[in-house]
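Before any comments, here is the structure.
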Number of protein chains: 2
Amino acid sequence: MTTMQDIADIAGVSKASVSLVLNGRDVGHVKPQTAELIRQTAAKLGYRPNQLARSLRTHRTHLLGFIGEQVATTPYAGGIILGAQDAASTYGYVLLTVSTDGMADEEQEITVLKRYGVDGFLYSKMFNRITDVPRSLADYPLVVVDAIDRDKQFPSIEPDEFQIGYDATKRLIDAGCRRIAYVGCAEPLIAQPRRLRGYQTALSDAGMPIDDALHVDVLNNEPALQVVGKLFDEQRPDGFFCFNDARAWYVYESAARRGLTVGRDISVVGVDNHRVFAETLAPPLTTVELPHYEMGYWGACRLISVIEGHDVDTSIWPETTAPLPPLDATIPATVHCKLIEKKSVRK
Amino acid sequence: MTTMQDIADIAGVSKASVSLVLNGRDVGHVKPQTAELIRQTAAKLGYRPNQLARSLRTHRTHLLGFIGEQVATTPYAGGIILGAQDAASTYGYVLLTVSTDGMADEEQEITVLKRYGVDGFLYSKMFNRITDVPRSLADYPLVVVDAIDRDKQFPSIEPDEFQIGYDATKRLIDAGCRRIAYVGCAEPLIAQPRRLRGYQTALSDAGMPIDDALHVDVLNNEPALQVVGKLFDEQRPDGFFCFNDARAWYVYESAARRGLTVGRDISVVGVDNHRVFAETLAPPLTTVELPHYEMGYWGACRLISVIEGHDVDTSIWPETTAPLPPLDATIPATVHCKLIEKKSVRK
DNA sequence: GTGAAAGCGCTAACAG
DNA sequence: CTGTTAGCGCTTTCAC
């Protein structure tokens, strides 16, 4: 393994010069000629910087602690991880991943990550909710992903819930639906009121009335099916926005029991975030897909920008020669969602 | 941040003694009395070892490089990651995760991981195949997960493909099926011949004939549906083992076109590894679930055992007080699969 | 038993 | 401009 000392010896210069040159801080300090010599020697010897030694000195590791959940049971955590990793990789960071799935002790995992000197944390949940960030994380740069911090102490990144409601409803309107129901969630989720407002705004924008009778919020249980059934019988909606796939299931089931065909007699758009639907029903739902990858990506960007004080470190040597993309204040706090067309909406 | 020097100063001993004690190598070197004093001082000061400094000295980081793929699109990578992390965590390691999904440059990611001094690599694929391990990894401890190394140079861990074929076929036999078809994969996959042998062995064990006419291998394309249709018409099977969910789809579709109901007229068991099925069909398949978590878990165990020469490092201080579980040669090379019962098999 | 001292590979002051 | 020096926090001989 070649060290800076080796390079210094062979090039006949000092470690210090080598360090300066290889970290791109040579201009005005090291003669271009010697700098070039150093660079060539480094390349010839196949020098690879020892990140450990560097970190020990600088107190910066370029390590991001990623704390996730439900990593094994949904593909969503994977999406977030991948997005975060792409961003991290772009800016010269790496993810130290831990999952709190089976873990009794989140704190233990946090302690371990701290031991490795992570520069900051990505604290990620699998659906948008208000969460308590462990106090042990308070001193670190941290970004909450797919959730928000109860104390609003840390920046967070969430899906654009309003837009979800708006887009889905718009799609139903475009499909020709005249009586569009909102099948929501009776639990106190962040997303619920926001999606509802999106739904209502889409209706208003289209000059359609907002009829409270078309709005039901249900839990994930037996009575839910009756409530939705009643909605079918009393209101006869021709379009449904479903808060998630569990809610979509009630709509599909109710439709089936009434001899109605989804995609012909009624149209359904739902948000796919619990994977129940995809595994249970056919044909698949027209879906508003939650932007997990994007949240991971922008979450990591924001974290890095916090860590670096909005100044990207360009001293990643020698693999990265291209300048890093600028990382500035244009990082979004909410992310739009894609609408995935399937067969459940009339053309 | 408390360092060993701080402890030494306060306890009135030397750094060396502190190091010995806190790493559990004090017996016979440090007087029990001073050892106790050191431990108490450390606890009082809330000492946390600096893993970076330790690693710089020892050339051991307790970092495992995890190289995965399809992290964002399937829940399977997540399963492997979680399993690997659980094992890692148990033995005092952490996962440094990178995914090669969108990556043009796997090598770049590898270089980065090396810079952090990972002790070894988990090289993971998302379905069992023969893979080339990047040459740049050759000098490191490495375990291939859910694949095998073409050069058989590295240990690997795979699903027990024979058992998959055997269990699935056994299930169909138990369900009363008399003519069980094998709908396989015409691509050259490792799993194909092994599952086929499992299928054949299960039939033999049950005293049933092996009829080649009941065995078709298809690609994932249009003709496949015709081949399976022909199988239905000419052989009239009453049970189907499907290589994966894509193959299961051909069976479901063919059945539907002939007015046959899965779970009543015919029974179907399949291996769920491409998620196509789950998103496309109802009712869900009776499934042989691939043991992703387990492969991750045992893969990490094997890697750690290679790294440590079958001797687990117990110097994880101070959080881990309980002795680590023994890590020995009982690590499996193949992992059994769970059979998940759904509605597609007659009782 | 215990402590002093020499580094691991790198960065950052400070001389020259 | 360039080299010397002093560590970052820890482990590990090797004297005492």
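In the structure tokens, chains take letters A, B, ... by order of appearance, with residues numbered from 1 within each chain and ligands from 1 in the order shown.
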
Practice problem: Per DSSP on the backbone, filter segment 128-334 of chain A down to the residues in strand (DSSP E or B) and report them as a ChimeraX atom specification. | Solution: /A:130-131,142-145,148-149,156-159,180-185,215-218,239-242,262,266-272,286-289,334

Give me, as a compact mmCIF listing (two decimals) with C-alpha atoms, in the first residue's frame, the contact residues of chain A against chain D at a cut-off of 10 Å, counting only C-alpha atoms (C1' of nucleotides).
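Once written, result-v3.txt looks like this:
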# COMPACT_ATOMS: atom_id res chain seq x y z
CA VAL A 13 9.60 16.27 -1.91
CA SER A 14 7.93 16.39 1.48
CA LYS A 15 4.74 14.78 2.69
CA ALA A 16 3.25 18.20 3.13
CA SER A 17 3.59 19.09 -0.53
CA GLY A 28 -0.23 29.32 -4.93
CA HIS A 29 1.54 26.93 -2.61
CA VAL A 30 3.30 24.39 -4.74
CA LYS A 31 5.13 25.08 -7.98
CA ALA A 53 -6.03 8.43 8.58
CA ARG A 54 -7.51 11.47 6.92
CA SER A 55 -10.63 11.30 9.03
CA LEU A 56 -8.67 10.85 12.22
CA ARG A 57 -6.99 14.12 11.48
CA THR A 58 -9.84 16.15 10.02
CA HIS A 59 -12.72 14.83 12.07

With chain B held fixed, move chain A onto it by a least-squares fit of all C-alpha atoms in order and give the output as a compact mmCIF listing (two decimals) with C-alpha atoms, in the first residue's frame.
# COMPACT_ATOMS: atom_id res chain seq x y z
CA MET A 1 -15.10 13.67 23.81
CA THR A 2 -13.25 11.56 26.31
CA THR A 3 -10.14 9.76 25.19
CA MET A 4 -8.08 7.04 26.74
CA GLN A 5 -5.62 9.70 27.79
CA ASP A 6 -8.32 11.42 29.83
CA ILE A 7 -9.13 8.20 31.59
CA ALA A 8 -5.46 7.51 32.19
CA ASP A 9 -4.93 10.97 33.65
CA ILE A 10 -7.90 10.79 35.99
CA ALA A 11 -7.31 7.23 37.08
CA GLY A 12 -3.64 7.99 37.49
CA VAL A 13 -2.48 5.21 35.19
CA SER A 14 -1.07 5.03 31.69
CA LYS A 15 -2.83 4.91 28.36
CA ALA A 16 -1.46 1.45 27.83
CA SER A 17 -3.20 0.03 30.87
CA VAL A 18 -6.41 1.69 29.87
CA SER A 19 -6.18 0.20 26.41
CA LEU A 20 -5.55 -3.27 27.77
CA VAL A 21 -8.38 -3.12 30.24
CA LEU A 22 -10.98 -1.67 27.91
CA ASN A 23 -10.18 -4.27 25.32
CA GLY A 24 -10.59 -7.09 27.79
CA ARG A 25 -6.97 -8.14 27.60
CA ASP A 26 -6.09 -7.14 31.13
CA VAL A 27 -6.08 -10.47 32.94
CA GLY A 28 -2.54 -11.34 33.82
CA HIS A 29 -1.38 -7.90 32.79
CA VAL A 30 -3.23 -5.41 34.90
CA LYS A 31 -4.02 -5.76 38.59
CA PRO A 32 -7.74 -6.47 38.99
CA GLN A 33 -7.95 -3.51 41.32
CA THR A 34 -6.60 -0.97 38.85
CA ALA A 35 -8.56 -2.62 36.08
CA GLU A 36 -11.72 -2.00 38.02
CA LEU A 37 -10.72 1.58 38.65
CA ILE A 38 -10.11 2.09 34.97
CA ARG A 39 -13.43 0.57 34.03
CA GLN A 40 -15.27 2.75 36.48
CA THR A 41 -13.52 5.89 35.36
CA ALA A 42 -14.33 5.03 31.76
CA ALA A 43 -17.96 4.51 32.61
CA LYS A 44 -18.11 7.70 34.63
CA LEU A 45 -16.65 9.76 31.82
CA GLY A 46 -18.93 8.10 29.29
CA TYR A 47 -15.98 6.97 27.26
CA ARG A 48 -16.61 5.86 23.69
CA PRO A 49 -13.77 4.31 21.76
CA ASN A 50 -12.79 6.05 18.56
CA GLN A 51 -13.10 3.34 15.96
CA LEU A 52 -11.16 5.39 13.44
CA ALA A 53 -8.07 5.67 15.59
CA ARG A 54 -8.28 2.02 16.49
CA SER A 55 -8.63 0.98 12.88
CA LEU A 56 -5.76 3.17 11.78
CA ARG A 57 -3.58 1.24 14.17
CA THR A 58 -4.93 -2.27 13.79
CA HIS A 59 -5.82 -2.27 10.12
CA ARG A 60 -9.15 -3.70 11.03
CA THR A 61 -12.26 -1.60 10.69
CA HIS A 62 -15.12 -3.98 11.45
CA LEU A 63 -16.69 -2.57 8.35
CA LEU A 64 -18.26 -4.90 5.81
CA GLY A 65 -18.69 -3.68 2.26
CA PHE A 66 -22.06 -4.71 0.90
CA ILE A 67 -22.38 -4.55 -2.87
CA GLY A 68 -25.95 -5.08 -3.99
CA GLU A 69 -28.24 -4.62 -6.94
CA GLN A 70 -31.94 -3.95 -7.51
CA VAL A 71 -32.12 -2.38 -4.12
CA ALA A 72 -34.91 -0.04 -5.11
CA THR A 73 -37.08 -2.27 -7.24
CA THR A 74 -37.50 -5.39 -5.19
CA PRO A 75 -37.86 -6.08 -1.51
CA TYR A 76 -35.33 -8.87 -1.89
CA ALA A 77 -32.22 -6.79 -1.65
CA GLY A 78 -33.68 -5.32 1.49
CA GLY A 79 -34.10 -8.79 2.92
CA ILE A 80 -30.50 -9.66 2.25
CA ILE A 81 -29.26 -6.36 3.63
CA LEU A 82 -31.28 -6.77 6.78
CA GLY A 83 -30.06 -10.31 7.34
CA ALA A 84 -26.49 -9.26 6.75
CA GLN A 85 -26.87 -6.34 9.07
CA ASP A 86 -28.32 -8.46 11.84
CA ALA A 87 -25.40 -10.83 11.65
CA ALA A 88 -22.92 -8.00 11.37
CA SER A 89 -24.42 -6.23 14.33
CA THR A 90 -24.29 -9.41 16.38
CA TYR A 91 -20.59 -9.72 15.83
CA GLY A 92 -19.71 -6.07 16.12
CA TYR A 93 -19.61 -5.14 12.46
CA VAL A 94 -21.40 -2.54 10.39
CA LEU A 95 -22.44 -2.58 6.76
CA LEU A 96 -21.18 -0.06 4.26
CA THR A 97 -23.81 -0.41 1.59
CA VAL A 98 -23.52 0.45 -2.04
CA SER A 99 -25.83 -0.52 -4.82
CA THR A 100 -24.81 -0.97 -8.41
CA ASP A 101 -28.30 -0.30 -9.74
CA GLY A 102 -27.93 2.75 -11.88
CA MET A 103 -24.18 2.75 -11.55
CA ALA A 104 -22.11 2.73 -14.66
CA ASP A 105 -19.10 2.16 -12.54
CA GLU A 106 -19.06 -0.59 -10.01
CA GLU A 107 -15.32 -0.15 -9.72
CA GLN A 108 -15.71 3.37 -8.49
CA GLU A 109 -17.89 2.22 -5.64
CA ILE A 110 -15.45 -0.55 -4.81
CA THR A 111 -12.60 1.92 -4.68
CA VAL A 112 -14.51 4.05 -2.25
CA LEU A 113 -15.27 1.12 0.01
CA LYS A 114 -11.64 0.15 -0.04
CA ARG A 115 -10.64 3.64 1.00
CA TYR A 116 -12.62 3.14 4.15
CA GLY A 117 -10.69 -0.01 4.80
CA VAL A 118 -13.53 -2.50 4.81
CA ASP A 119 -12.48 -5.84 6.22
CA GLY A 120 -14.26 -7.74 3.48
CA PHE A 121 -17.06 -7.75 0.96
CA LEU A 122 -20.48 -9.23 0.55
CA TYR A 123 -21.11 -9.47 -3.17
CA SER A 124 -24.77 -9.93 -3.64
CA LYS A 125 -26.96 -10.66 -6.63
CA MET A 126 -30.72 -10.83 -6.75
CA PHE A 127 -31.17 -14.25 -8.24
CA ASN A 128 -29.09 -17.32 -8.14
CA ARG A 129 -26.67 -17.24 -11.03
CA ILE A 130 -23.07 -17.69 -11.96
CA THR A 131 -21.36 -14.38 -11.59
CA ASP A 132 -17.97 -12.90 -12.17
CA VAL A 133 -16.56 -11.31 -9.08
CA PRO A 134 -14.69 -8.13 -10.00
CA ARG A 135 -10.98 -8.84 -10.00
CA SER A 136 -10.40 -5.78 -7.87
CA LEU A 137 -12.01 -7.69 -5.04
CA ALA A 138 -9.78 -10.72 -5.32
CA ASP A 139 -7.45 -9.81 -2.46
CA TYR A 140 -10.21 -9.35 0.06
CA PRO A 141 -12.23 -11.75 2.13
CA LEU A 142 -15.43 -12.06 0.17
CA VAL A 143 -18.63 -14.05 0.17
CA VAL A 144 -20.99 -14.25 -2.77
CA VAL A 145 -24.65 -14.06 -1.81
CA ASP A 146 -27.50 -15.48 -3.87
CA ALA A 147 -25.15 -16.40 -6.68
CA ILE A 148 -22.00 -18.39 -7.20
CA ASP A 149 -18.57 -17.33 -8.27
CA ARG A 150 -17.67 -18.53 -11.74
CA ASP A 151 -14.16 -19.35 -10.67
CA LYS A 152 -15.33 -20.98 -7.46
CA GLN A 153 -12.69 -18.95 -5.75
CA PHE A 154 -14.97 -17.46 -3.12
CA PRO A 155 -17.46 -19.08 -0.80
CA SER A 156 -21.06 -18.41 -1.66
CA ILE A 157 -24.47 -18.89 -0.21
CA GLU A 158 -27.50 -19.84 -2.23
CA PRO A 159 -31.05 -21.04 -1.77
CA ASP A 160 -31.48 -24.78 -1.56
CA GLU A 161 -32.86 -25.12 -5.06
CA PHE A 162 -33.35 -28.86 -4.86
CA GLN A 163 -35.45 -28.44 -1.77
CA ILE A 164 -37.54 -25.78 -3.47
CA GLY A 165 -38.51 -28.20 -6.20
CA TYR A 166 -39.03 -30.97 -3.71
CA ASP A 167 -41.15 -29.01 -1.24
CA ALA A 168 -43.36 -27.47 -3.88
CA THR A 169 -43.99 -30.79 -5.56
CA LYS A 170 -44.59 -32.50 -2.24
CA ARG A 171 -47.18 -29.85 -1.43
CA LEU A 172 -48.99 -30.57 -4.68
CA ILE A 173 -48.88 -34.29 -4.06
CA ASP A 174 -50.29 -33.75 -0.59
CA ALA A 175 -53.05 -31.66 -2.12
CA GLY A 176 -54.10 -34.73 -4.08
CA CYS A 177 -52.66 -33.85 -7.47
CA ARG A 178 -51.96 -36.83 -9.70
CA ARG A 179 -50.52 -35.21 -12.80
CA ILE A 180 -48.08 -32.56 -11.74
CA ALA A 181 -46.49 -30.37 -14.38
CA TYR A 182 -43.15 -28.62 -14.14
CA VAL A 183 -43.19 -25.23 -15.82
CA GLY A 184 -39.56 -24.28 -15.91
CA CYS A 185 -37.24 -21.75 -17.31
CA ALA A 186 -35.52 -22.18 -20.66
CA GLU A 187 -32.71 -19.85 -19.74
CA PRO A 188 -29.54 -21.41 -18.40
CA LEU A 189 -30.08 -20.72 -14.73
CA ILE A 190 -28.46 -22.60 -11.92
CA ALA A 191 -31.78 -23.13 -10.28
CA GLN A 192 -33.45 -24.87 -13.20
CA PRO A 193 -31.83 -28.33 -13.16
CA ARG A 194 -31.74 -28.41 -9.39
CA ARG A 195 -35.38 -27.59 -8.91
CA LEU A 196 -36.22 -30.09 -11.60
CA ARG A 197 -34.38 -32.80 -9.73
CA GLY A 198 -36.22 -31.83 -6.58
CA TYR A 199 -39.48 -32.16 -8.46
CA GLN A 200 -38.54 -35.53 -9.87
CA THR A 201 -37.30 -36.84 -6.55
CA ALA A 202 -40.50 -35.80 -4.82
CA LEU A 203 -42.50 -37.69 -7.43
CA SER A 204 -40.32 -40.78 -7.07
CA ASP A 205 -40.49 -40.67 -3.31
CA ALA A 206 -44.26 -40.66 -3.59
CA GLY A 207 -44.17 -43.59 -5.98
CA MET A 208 -45.42 -41.47 -8.83
CA PRO A 209 -44.15 -41.73 -12.41
CA ILE A 210 -41.95 -39.06 -13.98
CA ASP A 211 -43.55 -38.09 -17.24
CA ASP A 212 -41.42 -35.90 -19.48
CA ALA A 213 -44.51 -34.73 -21.28
CA LEU A 214 -45.45 -32.87 -18.12
CA HIS A 215 -42.24 -30.90 -18.19
CA VAL A 216 -41.94 -27.72 -20.21
CA ASP A 217 -39.31 -25.01 -20.10
CA VAL A 218 -40.29 -21.64 -21.45
CA LEU A 219 -38.88 -18.21 -21.88
CA ASN A 220 -40.58 -15.11 -20.71
CA ASN A 221 -42.37 -14.29 -23.95
CA GLU A 222 -45.44 -14.78 -26.07
CA PRO A 223 -44.81 -18.37 -27.26
CA ALA A 224 -44.59 -19.37 -23.62
CA LEU A 225 -48.31 -18.94 -23.26
CA GLN A 226 -48.94 -21.24 -26.20
CA VAL A 227 -46.61 -23.87 -24.86
CA VAL A 228 -48.33 -23.82 -21.50
CA GLY A 229 -51.70 -23.80 -23.21
CA LYS A 230 -50.71 -26.88 -25.15
CA LEU A 231 -49.61 -28.50 -21.91
CA PHE A 232 -53.06 -27.86 -20.49
CA ASP A 233 -54.87 -29.26 -23.51
CA GLU A 234 -52.74 -32.30 -24.22
CA GLN A 235 -51.73 -33.39 -20.75
CA ARG A 236 -54.47 -32.04 -18.53
CA PRO A 237 -52.29 -31.61 -15.46
CA ASP A 238 -54.01 -31.01 -12.15
CA GLY A 239 -51.01 -29.48 -10.40
CA PHE A 240 -48.30 -27.07 -11.46
CA PHE A 241 -44.90 -26.24 -10.13
CA CYS A 242 -43.90 -22.88 -11.52
CA PHE A 243 -40.28 -21.84 -11.69
CA ASN A 244 -41.17 -18.28 -10.82
CA ASP A 245 -44.04 -15.88 -10.83
CA ALA A 246 -43.67 -15.06 -14.49
CA ARG A 247 -44.21 -18.74 -15.27
CA ALA A 248 -47.08 -18.85 -12.84
CA TRP A 249 -48.73 -16.12 -14.79
CA TYR A 250 -48.84 -18.32 -17.91
CA VAL A 251 -50.51 -21.01 -15.89
CA TYR A 252 -53.07 -18.65 -14.40
CA GLU A 253 -53.80 -17.10 -17.75
CA SER A 254 -54.14 -20.46 -19.47
CA ALA A 255 -56.40 -21.71 -16.71
CA ALA A 256 -58.58 -18.63 -16.93
CA ARG A 257 -58.99 -19.04 -20.68
CA ARG A 258 -60.15 -22.59 -20.16
CA GLY A 259 -62.58 -21.75 -17.42
CA LEU A 260 -60.50 -23.53 -14.79
CA THR A 261 -60.25 -22.11 -11.33
CA VAL A 262 -56.95 -22.16 -9.54
CA GLY A 263 -57.35 -23.64 -6.10
CA ARG A 264 -60.33 -25.73 -7.16
CA ASP A 265 -59.77 -27.31 -10.56
CA ILE A 266 -56.01 -27.10 -10.50
CA SER A 267 -53.37 -26.40 -7.87
CA VAL A 268 -50.43 -24.12 -8.33
CA VAL A 269 -47.25 -23.60 -6.36
CA GLY A 270 -44.60 -21.22 -7.52
CA VAL A 271 -41.40 -19.58 -6.53
CA ASP A 272 -41.79 -15.90 -5.92
CA ASN A 273 -38.69 -14.18 -7.08
CA HIS A 274 -39.61 -11.61 -9.61
CA ARG A 275 -42.61 -10.03 -8.00
CA VAL A 276 -44.45 -10.04 -11.32
CA PHE A 277 -47.00 -12.41 -10.05
CA ALA A 278 -47.85 -10.73 -6.82
CA GLU A 279 -48.56 -7.55 -8.69
CA THR A 280 -50.56 -9.11 -11.44
CA LEU A 281 -52.78 -11.87 -10.25
CA ALA A 282 -55.38 -12.91 -7.77
CA PRO A 283 -55.61 -15.03 -5.80
CA PRO A 284 -51.99 -14.99 -4.76
CA LEU A 285 -49.83 -17.94 -5.45
CA THR A 286 -48.94 -20.56 -2.94
CA THR A 287 -45.35 -19.62 -2.80
CA VAL A 288 -41.99 -21.00 -2.01
CA GLU A 289 -40.34 -17.95 -0.62
CA LEU A 290 -36.68 -17.46 -1.30
CA PRO A 291 -34.64 -17.06 1.88
CA HIS A 292 -33.17 -13.64 1.29
CA TYR A 293 -32.86 -12.66 4.90
CA GLU A 294 -31.22 -15.95 5.73
CA MET A 295 -28.76 -15.71 2.88
CA GLY A 296 -27.78 -12.26 4.04
CA TYR A 297 -27.43 -13.48 7.58
CA TRP A 298 -25.34 -16.53 6.87
CA GLY A 299 -23.38 -14.82 4.18
CA ALA A 300 -22.27 -12.20 6.66
CA CYS A 301 -21.50 -14.88 9.24
CA ARG A 302 -19.31 -16.69 6.81
CA LEU A 303 -17.55 -13.52 5.78
CA ILE A 304 -16.86 -12.62 9.37
CA SER A 305 -15.57 -16.08 10.06
CA VAL A 306 -13.20 -15.77 7.11
CA ILE A 307 -12.05 -12.35 8.29
CA GLU A 308 -11.46 -13.47 11.81
CA GLY A 309 -10.08 -16.88 11.04
CA HIS A 310 -13.03 -18.61 12.68
CA ASP A 311 -12.38 -16.72 15.84
CA VAL A 312 -14.84 -14.12 16.89
CA ASP A 313 -13.44 -10.90 18.19
CA THR A 314 -14.95 -10.24 21.60
CA SER A 315 -13.38 -6.88 22.20
CA ILE A 316 -16.46 -4.83 21.51
CA TRP A 317 -16.59 -2.45 24.35
CA PRO A 318 -18.43 -1.24 26.30
CA GLU A 319 -21.95 -1.85 24.99
CA THR A 320 -21.66 -5.54 24.39
CA THR A 321 -21.30 -7.28 27.68
CA ALA A 322 -22.96 -10.55 26.82
CA PRO A 323 -20.61 -13.03 25.18
CA LEU A 324 -21.02 -13.25 21.46
CA PRO A 325 -22.61 -16.38 20.08
CA PRO A 326 -20.05 -18.88 18.85
CA LEU A 327 -19.33 -18.52 15.18
CA ASP A 328 -17.99 -21.74 13.81
CA ALA A 329 -18.05 -24.15 10.94
CA THR A 330 -21.77 -24.79 11.12
CA ILE A 331 -22.51 -22.03 8.64
CA PRO A 332 -24.69 -23.38 5.85
CA ALA A 333 -23.83 -23.00 2.19
CA THR A 334 -27.42 -23.35 1.09
CA VAL A 335 -30.52 -22.19 2.87
CA HIS A 336 -33.93 -23.78 3.00
CA CYS A 337 -37.00 -21.96 1.85
CA LYS A 338 -40.32 -21.33 3.49
CA LEU A 339 -43.55 -22.47 1.90
CA ILE A 340 -46.19 -19.76 2.19
CA GLU A 341 -49.73 -21.10 1.90
CA LYS A 342 -52.21 -19.09 -0.08
CA LYS A 343 -55.41 -20.05 -1.83
CA SER A 344 -54.04 -21.68 -4.93
CA VAL A 345 -53.86 -25.23 -3.67
CA ARG A 346 -56.83 -27.42 -2.80
CA LYS A 347 -56.94 -28.50 0.81

Please find the residues of chain C near chain A - the criterion being any atom within 8 Å, counting only C-alpha atoms (C1' of nucleotides) - and write them as a PDB file with N, CA and C atoms (P, O5', C5', C4', C3', O3' and C1' of nucleotides), in the first residue's frame.
ATOM      1  P    DC C   8       4.474   3.645  10.768  1.00  0.00           P
ATOM      2  O5'  DC C   8       2.912   3.375  10.596  1.00  0.00           O
ATOM      3  C5'  DC C   8       2.328   2.099  10.825  1.00  0.00           C
ATOM      4  C4'  DC C   8       0.822   2.266  10.762  1.00  0.00           C
ATOM      5  C3'  DC C   8       0.364   3.271   9.712  1.00  0.00           C
ATOM      6  O3'  DC C   8      -0.085   2.553   8.558  1.00  0.00           O
ATOM      7  C1'  DC C   8      -0.712   3.675  11.867  1.00  0.00           C
ATOM      8  P    DG C   9       0.606   2.809   7.144  1.00  0.00           P
ATOM      9  O5'  DG C   9      -0.038   4.186   6.665  1.00  0.00           O
ATOM     10  C5'  DG C   9      -1.428   4.248   6.390  1.00  0.00           C
ATOM     11  C4'  DG C   9      -1.849   5.698   6.353  1.00  0.00           C
ATOM     12  C3'  DG C   9      -1.104   6.549   5.325  1.00  0.00           C
ATOM     13  O3'  DG C   9      -2.068   7.065   4.421  1.00  0.00           O
ATOM     14  C1'  DG C   9      -1.236   7.641   7.420  1.00  0.00           C
ATOM     15  P    DC C  10      -1.811   8.206   3.381  1.00  0.00           P
ATOM     16  O5'  DC C  10      -2.253   9.486   4.197  1.00  0.00           O
ATOM     17  C5'  DC C  10      -3.629   9.628   4.533  1.00  0.00           C
ATOM     18  C4'  DC C  10      -3.801  10.755   5.515  1.00  0.00           C
ATOM     19  C3'  DC C  10      -3.509  12.139   4.955  1.00  0.00           C
ATOM     20  O3'  DC C  10      -4.740  12.788   4.647  1.00  0.00           O
ATOM     21  C1'  DC C  10      -2.621  11.839   7.160  1.00  0.00           C
ATOM     22  P    DT C  11      -4.692  14.190   3.905  1.00  0.00           P
ATOM     23  O5'  DT C  11      -4.562  15.208   5.118  1.00  0.00           O
ATOM     24  C5'  DT C  11      -5.636  15.289   6.043  1.00  0.00           C
ATOM     25  C4'  DT C  11      -5.331  16.337   7.085  1.00  0.00           C
ATOM     26  C3'  DT C  11      -5.197  17.755   6.568  1.00  0.00           C
ATOM     27  O3'  DT C  11      -5.893  18.569   7.507  1.00  0.00           O
ATOM     28  C1'  DT C  11      -3.271  17.187   7.797  1.00  0.00           C
TER      29       DT C  11
END
